[in-house]
Amino acid sequence: MTTIRDAVRADLAPEQEIYAHHVIHGLASFEEEPPDLAEIERRWRAATGAGLPYLVAELDGAVVGYAYCGAYRPRPAYRHTVENTVYVAPDRTRLGLGRTLLSALIERCEGTRVRQMIAVIGDTDNLASIRLHESLGFRNVGTLKGVGFKHGRWVDSVLLQRTIGPGEDTLPGK
């Protein structure tokens, strides 16, 4: 049975391994070198320190995926908008873990200061991630053509957006 829970420091090493695989072998991330454990911990502290959710999926006692929200952009006017990140262990794909993690992430953002969630998906051919986000209420708001160069080719970024809570219909704090 899969458990979704808040990440703790002990989860960061398996998360780093999951992410390293995707950095090295895929186009979802535009990083070219996997970040070390200290950088993964910095990201975890930044998200949780800002009061944003950082979750892991645990299956049979092992961390098999993670998801978190981070600042969409650093300028203050963006403070009600977050960018989501979701990664699943390569040997645990197609089990619904990404959907479970992203659903929990959205739910955790409801009732908080978050009003918009952005997904920046590497590669227009990353249909599994695009369809996952769309199935959970994200709408495609554009494609940035050829903005990344990785694995010897130009790569697009697909932008998807989902309203959280009342979105832009009310002022912050209402």
# chains A, B, ... in the order shown; residues from 1 in each chain; ligands from 1

$ residues_around --residues "Val82 of chain A" --least-positions-apart "3" --cutoff "8 Å" --atoms "only C-alpha atoms" --output "MDAnalysis selection string"
chainID A and resid 69:73 79 114 116:118

$ write_last_selection --atoms "N, CA and C atoms" --output "short mmCIF file (atom, residue, chain, number, x, y, z; two decimals), in the first residue's frame"
data_model
loop_
_atom_site.label_atom_id
_atom_site.label_comp_id
_atom_site.auth_asym_id
_atom_site.auth_seq_id
_atom_site.Cartn_x
_atom_site.Cartn_y
_atom_site.Cartn_z
N CYS A 69 6.10 21.81 -3.90
CA CYS A 69 5.87 23.12 -4.49
C CYS A 69 7.02 24.04 -4.12
N GLY A 70 7.40 24.86 -5.06
CA GLY A 70 8.39 25.88 -4.81
C GLY A 70 7.90 27.19 -5.39
N ALA A 71 8.60 28.23 -5.08
CA ALA A 71 8.23 29.54 -5.62
C ALA A 71 8.27 29.48 -7.15
N TYR A 72 7.25 30.05 -7.78
CA TYR A 72 7.24 30.11 -9.24
C TYR A 72 8.31 31.07 -9.73
N ARG A 73 8.37 32.23 -9.13
CA ARG A 73 9.38 33.25 -9.43
C ARG A 73 9.72 33.95 -8.12
N ARG A 79 4.05 35.75 -5.20
CA ARG A 79 4.04 34.98 -3.96
C ARG A 79 2.83 34.05 -3.79
N VAL A 114 -1.74 29.96 -1.63
CA VAL A 114 -1.53 29.60 -3.04
C VAL A 114 -2.82 29.77 -3.83
N GLN A 116 -2.45 29.91 -7.62
CA GLN A 116 -2.17 29.33 -8.94
C GLN A 116 -1.02 28.34 -8.80
N MET A 117 -1.12 27.23 -9.53
CA MET A 117 -0.04 26.25 -9.58
C MET A 117 0.37 26.10 -11.04
N ILE A 118 1.67 26.19 -11.27
CA ILE A 118 2.25 26.11 -12.61
C ILE A 118 3.05 24.82 -12.73
#

$ select_by_dssp --residues "chain A" --states "alpha helix (DSSP H)" --output "number ranges by chain"
A: 12-25, 37-49, 97-109, 127-135

$ closest_atom_pairs --of "segment 44-124 of chain A" --to "segment 132-145 of chain A" --cutoff "12 Å" --atoms "only C-alpha atoms" --output "tab-separated table"
residue	atom	partner	partner_atom	distance
A:Asn84	CA	A:His133	CA	10.3
A:Thr85	CA	A:His133	CA	11.2
A:Val86	CA	A:His133	CA	10.4
A:Arg94	CA	A:Leu132	CA	11.0
A:Gly96	CA	A:Leu132	CA	9.6
A:Leu97	CA	A:Leu132	CA	10.7
A:Gly98	CA	A:Leu132	CA	7.7
A:Arg99	CA	A:Leu132	CA	6.6
A:Thr100	CA	A:Leu132	CA	10.3
A:Leu101	CA	A:Leu132	CA	10.9
A:Leu102	CA	A:His133	CA	8.1
A:Ser103	CA	A:Leu136	CA	7.2
A:Ala104	CA	A:Leu136	CA	10.9
A:Leu105	CA	A:Leu136	CA	11.1
A:Ile106	CA	A:Leu136	CA	8.9
A:Glu107	CA	A:Leu136	CA	11.0
A:Gln116	CA	A:Phe138	CA	10.0
A:Met117	CA	A:Phe138	CA	8.4
A:Ile118	CA	A:Phe138	CA	8.3
A:Ala119	CA	A:His133	CA	7.8
A:Val120	CA	A:Thr143	CA	9.4
A:Ile121	CA	A:Thr143	CA	9.3
A:Gly122	CA	A:Leu144	CA	9.8
A:Asp123	CA	A:Lys145	CA	9.3
A:Thr124	CA	A:Thr143	CA	8.0

$ write_last_selection --atoms "C-alpha atoms" --output "compact mmCIF listing (two decimals), in the first residue's frame"
# COMPACT_ATOMS: atom_id res chain seq x y z
CA ASN A 84 5.08 21.94 -8.82
CA THR A 85 7.64 19.18 -9.11
CA VAL A 86 6.75 15.47 -9.30
CA ARG A 94 2.62 3.56 -14.42
CA GLY A 96 -0.54 5.87 -10.37
CA LEU A 97 2.06 7.28 -8.00
CA GLY A 98 2.44 10.53 -9.94
CA ARG A 99 -1.34 11.08 -9.84
CA THR A 100 -1.49 10.27 -6.14
CA LEU A 101 1.38 12.63 -5.34
CA LEU A 102 0.12 15.51 -7.50
CA SER A 103 -3.43 15.14 -6.15
CA ALA A 104 -2.11 15.31 -2.59
CA LEU A 105 0.02 18.32 -3.46
CA ILE A 106 -2.98 20.18 -4.89
CA GLU A 107 -5.07 19.27 -1.86
CA GLN A 116 -2.17 29.33 -8.94
CA MET A 117 -0.04 26.25 -9.58
CA ILE A 118 2.25 26.11 -12.61
CA ALA A 119 3.74 23.00 -14.21
CA VAL A 120 6.80 23.56 -16.39
CA ILE A 121 7.16 20.30 -18.29
CA GLY A 122 10.31 19.57 -20.24
CA ASP A 123 9.68 18.25 -23.74
CA THR A 124 6.44 18.34 -25.74

$ residues_around --residues "Tyr66 of chain A" --least-positions-apart "4" --cutoff "10 Å" --atoms "only C-alpha atoms" --output "VMD selection string"
chain A and resid 4 to 7 11 to 12 14 to 15 18 to 19 54 to 58 85 to 89 97 to 98 101 to 102 105

$ select_by_dssp --residues "segment 15-103 of chain A" --states "strand (DSSP E)" --output "MDAnalysis selection string"
chainID A and resid 54:59 62:71 81:88

$ decode --residues "segment 106-139 of chain A" --atoms "C-alpha atoms" --output "compact mmCIF listing (two decimals), in the first residue's frame"
# COMPACT_ATOMS: atom_id res chain seq x y z
CA ILE A 106 -2.98 20.18 -4.89
CA GLU A 107 -5.07 19.27 -1.86
CA ARG A 108 -2.37 20.52 0.51
CA CYS A 109 -2.32 23.87 -1.30
CA GLU A 110 -6.10 24.37 -0.99
CA GLY A 111 -6.90 26.83 1.77
CA THR A 112 -3.39 28.30 1.80
CA ARG A 113 -2.01 31.49 0.26
CA VAL A 114 -1.53 29.60 -3.04
CA ARG A 115 -3.89 30.70 -5.81
CA GLN A 116 -2.17 29.33 -8.94
CA MET A 117 -0.04 26.25 -9.58
CA ILE A 118 2.25 26.11 -12.61
CA ALA A 119 3.74 23.00 -14.21
CA VAL A 120 6.80 23.56 -16.39
CA ILE A 121 7.16 20.30 -18.29
CA GLY A 122 10.31 19.57 -20.24
CA ASP A 123 9.68 18.25 -23.74
CA THR A 124 6.44 18.34 -25.74
CA ASP A 125 6.79 14.56 -26.10
CA ASN A 126 6.44 14.10 -22.33
CA LEU A 127 2.80 13.15 -22.85
CA ALA A 128 2.50 11.16 -19.63
CA SER A 129 3.23 14.24 -17.53
CA ILE A 130 1.17 16.57 -19.72
CA ARG A 131 -1.85 14.25 -19.59
CA LEU A 132 -1.45 13.68 -15.86
CA HIS A 133 -1.58 17.42 -15.20
CA GLU A 134 -4.48 17.97 -17.59
CA SER A 135 -6.45 15.17 -15.92
CA LEU A 136 -6.12 17.03 -12.61
CA GLY A 137 -7.44 20.34 -13.92
CA PHE A 138 -4.36 21.99 -15.39
CA ARG A 139 -4.81 23.77 -18.71
